[in-house]
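Okay, coords-v1.pdb now, which holds PDB, C-alpha atoms:
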```
ATOM      1  CA  MET C   1      50.782 138.091 113.541
ATOM      2  CA  ALA C   2      54.148 136.658 114.501
ATOM      3  CA  PRO C   3      57.015 137.718 112.219
ATOM      4  CA  GLY C   4      57.598 134.123 111.106
ATOM      5  CA  ALA C   5      53.926 133.616 110.207
ATOM      6  CA  ALA C   6      53.877 136.933 108.322
ATOM      7  CA  ALA C   7      56.939 135.858 106.371
ATOM      8  CA  ILE C   8      55.399 132.489 105.518
ATOM      9  CA  SER C   9      52.236 134.226 104.345
ATOM     10  CA  ALA C  10      54.330 136.587 102.246
ATOM     11  CA  ALA C  11      56.192 133.666 100.776
ATOM     12  CA  ARG C  12      52.893 131.947 100.006
ATOM     13  CA  LEU C  13      51.663 135.027  98.174
ATOM     14  CA  SER C  14      54.443 135.099  95.679
ATOM     15  CA  GLY C  15      57.615 133.173  94.967
ATOM     16  CA  ARG C  16      58.518 135.948  92.527
ATOM     17  CA  ARG C  17      59.096 138.364  95.427
ATOM     18  CA  ASN C  18      61.761 136.086  96.937
ATOM     19  CA  ILE C  19      63.752 135.975  93.739
ATOM     20  CA  GLU C  20      63.612 139.767  93.458
ATOM     21  CA  VAL C  21      64.887 140.194  97.018
ATOM     22  CA  ILE C  22      67.815 137.806  96.658
ATOM     23  CA  HIS C  23      68.530 138.782  93.053
ATOM     24  CA  PRO C  24      71.303 141.335  93.873
ATOM     25  CA  TYR C  25      73.202 138.525  95.632
ATOM     26  CA  PHE C  26      72.914 135.996  92.799
ATOM     27  CA  ILE C  27      76.358 136.654  91.308
ATOM     28  CA  GLN C  28      78.206 136.498  94.640
ATOM     29  CA  ASN C  29      76.329 133.388  95.731
ATOM     30  CA  SER C  30      76.790 131.756  92.333
ATOM     31  CA  PHE C  31      80.559 132.087  92.636
ATOM     32  CA  LEU C  32      80.403 130.793  96.242
ATOM     33  CA  SER C  33      78.380 127.802  94.962
ATOM     34  CA  LEU C  34      80.911 127.111  92.201
ATOM     35  CA  VAL C  35      83.801 127.087  94.685
ATOM     36  CA  SER C  36      81.803 124.994  97.209
ATOM     37  CA  GLY C  37      80.868 122.557  94.443
ATOM     38  CA  SER C  38      84.508 122.171  93.389
ATOM     39  CA  VAL C  39      85.504 121.441  96.995
ATOM     40  CA  ALA C  40      82.667 118.890  97.316
ATOM     41  CA  LEU C  41      83.950 117.135  94.187
ATOM     42  CA  ALA C  42      87.478 117.121  95.647
ATOM     43  CA  VAL C  43      86.156 115.449  98.829
ATOM     44  CA  SER C  44      84.247 112.975  96.627
ATOM     45  CA  TYR C  45      87.461 112.179  94.739
ATOM     46  CA  TYR C  46      89.375 111.437  97.964
ATOM     47  CA  ALA C  47      86.530 109.287  99.321
ATOM     48  CA  PHE C  48      86.524 107.393  95.989
ATOM     49  CA  ARG C  49      90.318 107.022  96.068
ATOM     50  CA  TYR C  50      90.320 105.649  99.614
ATOM     51  CA  ARG C  51      87.363 103.373  98.792
ATOM     52  CA  LYS C  52      89.440 101.755  96.045
ATOM     53  CA  VAL C  53      92.062 100.819  98.646
ATOM     54  CA  THR C  54      89.816  99.841 101.537
ATOM     55  CA  GLY C  55      86.612  98.706  99.789
ATOM     56  CA  SER C  56      84.629 100.539 102.510
ATOM     57  CA  SER C  57      80.896 100.813 101.763
ATOM     58  CA  PHE C  58      80.758 103.976 103.889
ATOM     59  CA  LEU C  59      83.279 105.619 101.561
ATOM     60  CA  ARG C  60      81.221 104.580  98.531
ATOM     61  CA  LEU C  61      78.173 106.371  99.972
ATOM     62  CA  LEU C  62      80.297 109.364 100.984
ATOM     63  CA  SER C  63      81.876 109.560  97.531
ATOM     64  CA  VAL C  64      78.538 109.430  95.683
ATOM     65  CA  GLY C  65      76.984 111.816  98.229
ATOM     66  CA  PHE C  66      79.671 114.468  97.790
ATOM     67  CA  MET C  67      79.606 113.955  94.030
ATOM     68  CA  LEU C  68      75.881 114.754  94.011
ATOM     69  CA  LEU C  69      76.519 117.766  96.273
ATOM     70  CA  GLY C  70      79.273 119.001  93.964
ATOM     71  CA  VAL C  71      77.275 118.483  90.777
ATOM     72  CA  GLY C  72      74.235 120.178  92.348
ATOM     73  CA  LEU C  73      76.231 123.206  93.480
ATOM     74  CA  LEU C  74      78.094 123.537  90.172
ATOM     75  CA  ALA C  75      74.857 123.201  88.191
ATOM     76  CA  GLN C  76      73.084 125.748  90.379
ATOM     77  CA  GLY C  77      75.983 128.244  90.281
ATOM     78  CA  SER C  78      76.482 127.880  86.516
ATOM     79  CA  ILE C  79      72.790 128.195  85.639
ATOM     80  CA  TYR C  80      72.362 131.234  87.893
ATOM     81  CA  LEU C  81      75.338 132.896  86.192
ATOM     82  CA  LEU C  82      74.101 131.958  82.708
ATOM     83  CA  ALA C  83      70.680 133.372  83.563
ATOM     84  CA  GLU C  84      72.174 136.486  85.183
ATOM     85  CA  PHE C  85      74.293 137.364  82.170
ATOM     86  CA  ASN C  86      71.622 136.068  79.786
ATOM     87  CA  VAL C  87      74.254 133.981  77.999
ATOM     88  CA  GLY C  88      71.715 131.609  76.477
ATOM     89  CA  ARG C  89      69.117 134.399  75.942
ATOM     90  CA  PHE C  90      66.635 132.350  77.920
ATOM     91  CA  ALA C  91      62.985 133.225  77.353
ATOM     92  CA  ASN C  92      62.016 132.692  80.988
ATOM     93  CA  ARG C  93      64.951 133.279  83.290
ATOM     94  CA  GLU C  94      62.841 133.068  86.433
ATOM     95  CA  ALA C  95      61.600 129.580  85.538
ATOM     96  CA  LEU C  96      65.184 128.593  84.799
ATOM     97  CA  VAL C  97      66.341 129.801  88.223
ATOM     98  CA  TYR C  98      63.474 127.937  89.926
ATOM     99  CA  GLY C  99      64.274 124.827  87.901
ATOM    100  CA  ALA C 100      67.969 125.014  88.781
ATOM    101  CA  THR C 101      67.125 125.486  92.456
ATOM    102  CA  GLY C 102      64.739 122.524  92.304
ATOM    103  CA  VAL C 103      67.391 120.261  90.743
ATOM    104  CA  TYR C 104      69.936 121.491  93.296
ATOM    105  CA  LEU C 105      67.584 120.712  96.193
ATOM    106  CA  VAL C 106      66.799 117.221  94.871
ATOM    107  CA  LEU C 107      70.513 116.456  94.426
ATOM    108  CA  GLN C 108      71.315 117.884  97.879
ATOM    109  CA  SER C 109      68.544 115.801  99.495
ATOM    110  CA  ALA C 110      69.817 112.643  97.784
ATOM    111  CA  ALA C 111      73.399 113.506  98.809
ATOM    112  CA  TYR C 112      72.614 114.041 102.495
ATOM    113  CA  LEU C 113      70.400 110.967 102.497
ATOM    114  CA  LEU C 114      73.376 108.909 101.250
ATOM    115  CA  ILE C 115      75.793 110.470 103.739
ATOM    116  CA  GLY C 116      73.240 109.992 106.545
ATOM    117  CA  THR C 117      72.721 106.366 105.450
ATOM    118  CA  GLY C 118      76.477 105.841 105.564
ATOM    119  CA  TYR C 119      76.547 107.112 109.126
ATOM    120  CA  THR C 120      73.582 104.878 110.025
ATOM    121  CA  ILE C 121      75.394 101.814 108.649
ATOM    122  CA  ARG C 122      78.410 102.850 110.707
ATOM    123  CA  VAL C 123      76.280 103.086 113.855
ATOM    124  CA  GLN C 124      74.606  99.726 113.193
ATOM    125  CA  ARG C 125      77.902  97.936 112.559
ATOM    126  CA  GLY C 126      80.098  99.694 115.079
ATOM    127  CA  GLN C 127      77.847  99.963 118.081
ATOM    128  CA  PRO C 128      74.276  99.305 119.252
ATOM    129  CA  SER C 129      71.830 101.460 117.302
ATOM    130  CA  ASP C 130      69.911 104.058 119.280
ATOM    131  CA  GLY C 131      67.273 104.528 116.577
ATOM    132  CA  ASN C 132      68.515 107.901 115.305
ATOM    133  CA  GLY C 133      67.896 106.961 111.668
ATOM    134  CA  ALA C 134      64.303 106.037 112.403
ATOM    135  CA  ALA C 135      63.852 109.236 114.404
ATOM    136  CA  ALA C 136      65.122 111.341 111.484
ATOM    137  CA  ALA C 137      62.779 109.540 109.093
ATOM    138  CA  VAL C 138      59.826 110.271 111.393
ATOM    139  CA  VAL C 139      60.797 113.965 111.563
ATOM    140  CA  VAL C 140      60.918 114.130 107.737
ATOM    141  CA  ALA C 141      57.572 112.363 107.475
ATOM    142  CA  GLN C 142      56.002 114.768 109.991
ATOM    143  CA  ALA C 143      57.572 117.918 108.577
ATOM    144  CA  THR C 144      56.400 117.493 105.012
ATOM    145  CA  PRO C 145      52.611 117.458 105.589
ATOM    146  CA  LEU C 146      52.905 120.418 107.991
ATOM    147  CA  LEU C 147      54.354 122.580 105.252
ATOM    148  CA  PHE C 148      52.121 121.318 102.511
ATOM    149  CA  GLY C 149      50.946 124.336 100.607
ATOM    150  CA  THR C 150      54.011 126.520 101.088
ATOM    151  CA  LEU C 151      56.679 126.907  98.461
ATOM    152  CA  VAL C 152      58.025 123.565  97.315
ATOM    153  CA  LEU C 153      61.557 124.910  97.346
ATOM    154  CA  ASP C 154      61.261 126.004 100.974
ATOM    155  CA  VAL C 155      60.008 122.542 101.921
ATOM    156  CA  GLY C 156      62.960 121.121 100.003
ATOM    157  CA  GLU C 157      65.308 123.325 102.038
ATOM    158  CA  LEU C 158      63.625 122.158 105.237
ATOM    159  CA  VAL C 159      63.994 118.487 104.289
ATOM    160  CA  ILE C 160      67.683 119.109 103.550
ATOM    161  CA  LEU C 161      68.032 120.901 106.875
ATOM    162  CA  VAL C 162      66.591 117.868 108.705
ATOM    163  CA  LEU C 163      68.914 115.508 106.809
ATOM    164  CA  VAL C 164      72.004 117.667 107.439
ATOM    165  CA  SER C 165      71.024 117.999 111.105
ATOM    166  CA  PHE C 166      70.989 114.201 111.273
ATOM    167  CA  VAL C 167      74.480 114.123 109.724
ATOM    168  CA  VAL C 168      75.618 116.781 112.244
ATOM    169  CA  PHE C 169      74.204 114.684 115.089
ATOM    170  CA  GLN C 170      76.136 111.657 113.844
ATOM    171  CA  GLY C 171      79.211 113.912 113.586
ATOM    172  CA  ILE C 172      78.766 114.833 117.262
ATOM    173  CA  MET C 173      78.623 111.118 118.123
ATOM    174  CA  ALA C 174      81.769 110.410 116.075
ATOM    175  CA  TYR C 175      83.559 113.328 117.760
ATOM    176  CA  SER C 176      82.490 112.190 121.231
ATOM    177  CA  GLU C 177      84.084 108.781 120.465
ATOM    178  CA  GLN C 178      87.252 110.137 118.881
ATOM    179  CA  LYS C 179      87.904 113.534 120.455
ATOM    180  CA  ASN C 180      90.448 114.300 117.738
ATOM    181  CA  ARG C 181      90.879 117.335 115.512
ATOM    182  CA  LEU C 182      89.946 115.569 112.286
ATOM    183  CA  SER C 183      86.513 114.541 113.558
ATOM    184  CA  LEU C 184      86.083 118.084 114.945
ATOM    185  CA  TYR C 185      86.758 119.556 111.473
ATOM    186  CA  VAL C 186      84.137 117.235 109.956
ATOM    187  CA  LEU C 187      81.630 118.112 112.664
ATOM    188  CA  LEU C 188      82.194 121.878 112.269
ATOM    189  CA  ALA C 189      82.003 121.591 108.470
ATOM    190  CA  PHE C 190      78.618 119.850 108.530
ATOM    191  CA  ALA C 191      77.392 122.257 111.257
ATOM    192  CA  LEU C 192      78.297 125.220 108.999
ATOM    193  CA  ILE C 193      76.583 123.552 106.020
ATOM    194  CA  ALA C 194      73.480 123.035 108.198
ATOM    195  CA  LEU C 195      73.626 126.715 109.226
ATOM    196  CA  SER C 196      73.913 127.712 105.569
ATOM    197  CA  HIS C 197      70.706 125.811 104.754
ATOM    198  CA  LEU C 198      69.002 127.399 107.753
ATOM    199  CA  GLY C 199      70.182 130.803 106.495
ATOM    200  CA  GLU C 200      68.894 130.134 102.987
ATOM    201  CA  LEU C 201      65.546 128.900 104.307
ATOM    202  CA  LEU C 202      65.165 131.991 106.520
ATOM    203  CA  ALA C 203      66.301 134.202 103.640
ATOM    204  CA  SER C 204      63.465 132.814 101.557
ATOM    205  CA  LEU C 205      60.869 133.023 104.325
ATOM    206  CA  LEU C 206      61.890 136.461 105.593
ATOM    207  CA  GLY C 207      62.866 137.817 102.184
ATOM    208  CA  SER C 208      66.367 138.720 103.360
ATOM    209  CA  GLY C 209      69.152 139.030 100.801
ATOM    210  CA  ASP C 210      71.785 139.369 103.531
ATOM    211  CA  LEU C 211      70.814 136.005 105.038
ATOM    212  CA  TYR C 212      70.993 134.462 101.558
ATOM    213  CA  LEU C 213      74.559 135.728 101.127
ATOM    214  CA  LEU C 214      75.504 134.682 104.681
ATOM    215  CA  GLY C 215      74.164 131.201 103.881
ATOM    216  CA  GLY C 216      76.453 131.007 100.858
ATOM    217  CA  VAL C 217      79.446 132.174 102.910
ATOM    218  CA  ALA C 218      78.681 129.623 105.675
ATOM    219  CA  GLN C 219      78.409 126.863 103.060
ATOM    220  CA  LEU C 220      81.716 127.809 101.466
ATOM    221  CA  THR C 221      83.408 127.971 104.886
ATOM    222  CA  GLY C 222      82.024 124.514 105.693
ATOM    223  CA  PHE C 223      83.344 123.038 102.460
ATOM    224  CA  CYS C 224      86.723 124.774 102.940
ATOM    225  CA  LEU C 225      86.898 123.155 106.378
ATOM    226  CA  LEU C 226      86.257 119.788 104.695
ATOM    227  CA  LEU C 227      89.067 120.534 102.243
ATOM    228  CA  PHE C 228      91.342 121.390 105.171
ATOM    229  CA  PHE C 229      90.316 118.082 106.798
ATOM    230  CA  VAL C 230      91.113 116.129 103.597
ATOM    231  CA  ASN C 231      94.500 117.850 103.438
ATOM    232  CA  ARG C 232      95.295 117.085 107.090
ATOM    233  CA  SER C 233      94.176 113.450 106.870
ATOM    234  CA  GLY C 234      96.321 113.038 103.724
ATOM    235  CA  ARG C 235      99.440 114.055 105.658
ATOM    236  CA  VAL C 236      99.169 111.095 108.022
ATOM    237  CA  GLY C 237     100.476 108.523 105.552
ATOM    238  CA  SER C 238     103.233 110.839 104.349
ATOM    239  CA  ALA C 239     104.672 111.368 107.829
TER     240      ALA C 239
ATOM    241  CA  MET I   1      94.268 106.564 118.653
ATOM    242  CA  ALA I   2      91.808 104.338 120.490
ATOM    243  CA  GLN I   3      90.129 101.790 118.260
ATOM    244  CA  PRO I   4      87.261  99.549 119.300
ATOM    245  CA  GLU I   5      88.021  95.836 119.627
ATOM    246  CA  LYS I   6      86.533  93.898 116.728
ATOM    247  CA  GLN I   7      87.472  91.272 114.168
ATOM    248  CA  ARG I   8      90.215  92.569 111.886
ATOM    249  CA  SER I   9      89.305  93.178 108.278
ATOM    250  CA  THR I  10      91.470  91.745 105.491
ATOM    251  CA  ILE I  11      92.781  95.220 104.687
ATOM    252  CA  ARG I  12      93.735  95.675 108.360
ATOM    253  CA  ILE I  13      95.604  92.334 108.305
ATOM    254  CA  TYR I  14      97.426  93.390 105.112
ATOM    255  CA  LEU I  15      98.386  96.647 106.808
ATOM    256  CA  ASP I  16      99.709  94.808 109.876
ATOM    257  CA  ILE I  17     101.749  92.363 107.739
ATOM    258  CA  LEU I  18     103.172  95.086 105.492
ATOM    259  CA  SER I  19     103.933  97.425 108.420
ATOM    260  CA  ALA I  20     105.741  94.609 110.253
ATOM    261  CA  THR I  21     107.721  93.741 107.118
ATOM    262  CA  ALA I  22     108.595  97.398 106.466
ATOM    263  CA  GLU I  23     109.811  97.901 110.020
ATOM    264  CA  GLU I  24     111.869  94.693 110.029
ATOM    265  CA  GLY I  25     113.483  95.245 106.627
ATOM    266  CA  ASN I  26     113.993  91.614 105.652
ATOM    267  CA  ALA I  27     111.425  89.842 107.799
ATOM    268  CA  LYS I  28     111.286  86.125 108.548
ATOM    269  CA  THR I  29     107.930  84.333 108.540
ATOM    270  CA  THR I  30     108.118  83.704 112.314
ATOM    271  CA  ARG I  31     108.694  87.414 112.984
ATOM    272  CA  ILE I  32     105.733  88.406 110.803
ATOM    273  CA  LEU I  33     103.635  85.753 112.545
ATOM    274  CA  GLN I  34     104.363  87.371 115.917
ATOM    275  CA  ARG I  35     103.807  90.924 114.706
ATOM    276  CA  ALA I  36     100.653  90.232 112.695
ATOM    277  CA  ASN I  37      99.268  87.837 115.333
ATOM    278  CA  LEU I  38      97.946  85.269 112.831
ATOM    279  CA  PRO I  39      97.913  81.460 112.583
ATOM    280  CA  HIS I  40     100.542  80.088 110.180
ATOM    281  CA  ASP I  41      98.170  78.826 107.476
ATOM    282  CA  ARG I  42      96.299  82.133 107.280
ATOM    283  CA  LEU I  43      99.532  84.110 107.213
ATOM    284  CA  MET I  44     100.861  82.034 104.299
ATOM    285  CA  LYS I  45      97.620  82.624 102.406
ATOM    286  CA  HIS I  46      97.884  86.397 102.953
ATOM    287  CA  LEU I  47     101.604  86.450 102.089
ATOM    288  CA  ALA I  48     100.856  84.673  98.790
ATOM    289  CA  GLU I  49      98.115  87.215  98.018
ATOM    290  CA  LEU I  50     100.397  90.151  98.855
ATOM    291  CA  GLN I  51     103.108  88.731  96.581
ATOM    292  CA  LYS I  52     100.557  88.264  93.815
ATOM    293  CA  ARG I  53      99.698  91.969  94.140
ATOM    294  CA  ASP I  54     103.420  92.920  94.042
ATOM    295  CA  LEU I  55     103.225  94.415  97.528
ATOM    296  CA  LEU I  56     105.763  91.969  98.994
ATOM    297  CA  THR I  57     108.670  89.979  97.554
ATOM    298  CA  GLU I  58     110.134  86.742  98.820
ATOM    299  CA  VAL I  59     113.901  86.544  99.176
ATOM    300  CA  ASN I  60     115.744  83.243  99.703
ATOM    301  CA  ASN I  61     119.082  83.767 101.425
ATOM    302  CA  GLU I  62     121.209  80.756 102.428
ATOM    303  CA  GLY I  63     118.175  78.543 102.901
ATOM    304  CA  ASN I  64     116.268  81.159 104.922
ATOM    305  CA  ARG I  65     113.102  82.699 103.557
ATOM    306  CA  TYR I  66     112.632  86.448 104.050
ATOM    307  CA  TYR I  67     109.959  88.881 102.951
ATOM    308  CA  THR I  68     110.610  92.455 101.826
ATOM    309  CA  ILE I  69     108.093  95.180 101.163
ATOM    310  CA  THR I  70     108.130  96.588  97.618
ATOM    311  CA  THR I  71     107.821 100.266  96.627
ATOM    312  CA  LYS I  72     104.238  99.526  95.606
ATOM    313  CA  GLY I  73     103.706  97.987  99.050
ATOM    314  CA  GLN I  74     105.086 101.100 100.756
ATOM    315  CA  ASP I  75     102.728 103.288  98.707
ATOM    316  CA  PHE I  76      99.860 100.967  99.636
ATOM    317  CA  VAL I  77     100.666 101.302 103.364
ATOM    318  CA  LYS I  78     100.743 105.107 103.069
ATOM    319  CA  GLU I  79      97.421 105.163 101.211
ATOM    320  CA  VAL I  80      95.718 102.829 103.705
ATOM    321  CA  ARG I  81      96.986 104.966 106.610
ATOM    322  CA  ARG I  82      95.584 108.071 104.916
ATOM    323  CA  ALA I  83      92.261 106.265 104.380
ATOM    324  CA  GLN I  84      92.312 105.144 108.011
ATOM    325  CA  SER I  85      92.850 108.718 109.170
ATOM    326  CA  PHE I  86      90.092 109.979 106.826
ATOM    327  CA  LEU I  87      87.618 107.322 107.995
ATOM    328  CA  SER I  88      88.376 107.695 111.695
ATOM    329  CA  ALA I  89      87.109 111.310 111.521
ATOM    330  CA  PHE I  90      83.690 109.826 110.692
ATOM    331  CA  GLY I  91      83.981 107.215 113.446
ATOM    332  CA  VAL I  92      84.570 104.420 110.901
ATOM    333  CA  TYR I  93      87.410 101.891 111.124
ATOM    334  CA  ILE I  94      88.905  99.683 108.440
TER     335      ILE I  94
END
```
What do you get writing this file as structure tokens?
Amino acid sequence: MAPGAAAISAARLSGRRNIEVIHPYFIQNSFLSLVSGSVALAVSYYAFRYRKVTGSSFLRLLSVGFMLLGVGLLAQGSIYLLAEFNVGRFANREALVYGATGVYLVLQSAAYLLIGTGYTIRVQRGQPSDGNGAAAAVVVAQATPLLFGTLVLDVGELVILVLVSFVVFQGIMAYSEQKNRLSLYVLLAFALIALSHLGELLASLLGSGDLYLLGGVAQLTGFCLLLFFVNRSGRVGSA
Amino acid sequence: MAQPEKQRSTIRIYLDILSATAEEGNAKTTRILQRANLPHDRLMKHLAELQKRDLLTEVNNEGNRYYTITTKGQDFVKEVRRAQSFLSAFGVYI
């Protein structure tokens, strides 16, 4: 059996095993999530601030998208830490962790859907559409039935991965138009966030704690790059 | 930075008017007309709106009418330029 198929079978057998494997990395990843979430909220604040001035609908979607990302990451990080240190003396910590991850995945999916929609609007208004949005929707529609029966959370990760990949693709298009550093930072940030979701999906399928931690580090690096981008773009008006 | 040719948004027109006024100091209507590339009636409408928002002030000096950017107007220009820079990274223009 191929390693990937073996891992999927293992994941099908028990979701409990996955949590046990990644459990030693919960604290580190929880802190990484808290920092990433704070950065996402900072990006959301700047998008909201600039939307007030420009009235841009793209910025509205970006602001709400990053707000959902930030809230999802903060909720996930906080609940993991609460469960880890048993602050609330929860009766079923494992269910709590699964619940938190589920909420996080739903919020992340909604966030990337909004950001992706924003990009689609941009493409439709700015230049002739090449049908990327429709293509992404077809991929999502095809991917879900294929994985029916595996862990819901893994499918959630996969859906997010498809959505972030769409955002990365739009980032590549924006960079190819602009060829400036700011659009490169945005592209690299979303590429790192996509890699982090790939890492977390593989961590779950292969039962690798190291990949789980690497995913968290990649996500934090991506969000830090976004923070760096916000800082650099903010200097333009001050010059 | 290259920007695709398209119809200017209101915010873009405000930016052009305010930037022209800021660079000129005390700017006459004809000078703003040239810099902002607008018909007279539309310019007057925008100038009235900008004054209403306290972004510009009108100064009458020896029968000549000048426009001066306010501190709030300068802050507005800075903020719009920041927003423009932020948006351009996503391939979006104001």
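What the ChimeraX specification (/I :<6) & /C matches in the given file is Tyr50, Ala174, Leu182, Ser183, Ser233, Gly234, Val236 and Gly237 of chain C.
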Within 12 Å of Phe228 in chain C, counting only C-alpha atoms, which residues show up once you throw out same-chain ones fewer than 5 positions away? Write them as an MDAnalysis selection string, please.
(chainID C and resid 39:40 42:43 181:186 188:189 221:223 233:235) or (chainID I and resid 86)
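Close contacts of Thr70 in chain I, defined as residues with an atom at most 9 Å away when counting only C-alpha atoms, with chain neighbours fewer than 5 positions off set aside, comprise Ala22, Asp54, Leu55, Leu56, Thr57 and Asp75 of chain I.
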Within 12 Å of (102.0, 90.2, 98.6), in the coordinates the file gives, what residues turn up when you count only C-alpha atoms, written out as number ranges by chain?
I: 13-15, 17-18, 21, 43-58, 67-74, 76
Show which residues sit within 8 Å of Lys28 in chain I, as number ranges by chain. Count only C-alpha atoms, and ignore same-chain residues fewer than 4 positions away.
I: 32, 64-67
Keeping only C-alpha atoms, write the selected residues as a compact mmCIF listing (two decimals), in the frame of the given file.
```
# COMPACT_ATOMS: atom_id res chain seq x y z
CA ILE I 32 105.73 88.41 110.80
CA ASN I 64 116.27 81.16 104.92
CA ARG I 65 113.10 82.70 103.56
CA TYR I 66 112.63 86.45 104.05
CA TYR I 67 109.96 88.88 102.95
```
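Minimum atom-to-atom distances from C:Gly209, C:Gly118, C:Gly215, C:Gly171 to Leu59 in chain C were compared using only C-alpha atoms, and the lowest value belongs to C:Gly118.
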Result set of the PyMOL selection byres ((chain C and resi 220) around 12) on the coordinates above, as JSON, numbers by chain
{"C": [28, 29, 30, 31, 32, 33, 34, 35, 36, 37, 38, 39, 40, 70, 73, 189, 190, 192, 193, 194, 195, 196, 197, 213, 214, 215, 216, 217, 218, 219, 221, 222, 223, 224, 225, 226, 227]}
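What separates CA of Glu200 in chain C from CA of Leu68 in chain C is a distance of 19.1 Å.
With all atoms listed in the file as the basis for measurement, C:Leu96 is the residue among C:Leu96, C:Leu114, C:Leu163, C:Leu153 that approaches Leu81 in chain C most closely.
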Output, as JSON, the centre and edge lengths in Å (one decimal) of the axis-aligned box that contains all listed atoms of range 44-55 of chain I with 4 Å of margin on each side.
```
{"center_x": 100.5, "center_y": 88.2, "center_z": 99.1, "size_x": 13.8, "size_y": 20.4, "size_z": 18.5}
```
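Reported to one decimal place, the separation of CA of Tyr175 in chain C from CA of Leu113 in chain C is 20.3 Å.
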Can you pull out every residue within 9 Å of Phe58 in chain C, counting all atoms listed in the file, but drop anything in the same chain fewer than 4 positions away, and send it as a ChimeraX atom specification?
/C:51,62-63,115,117-119,121-122 /I:87,92
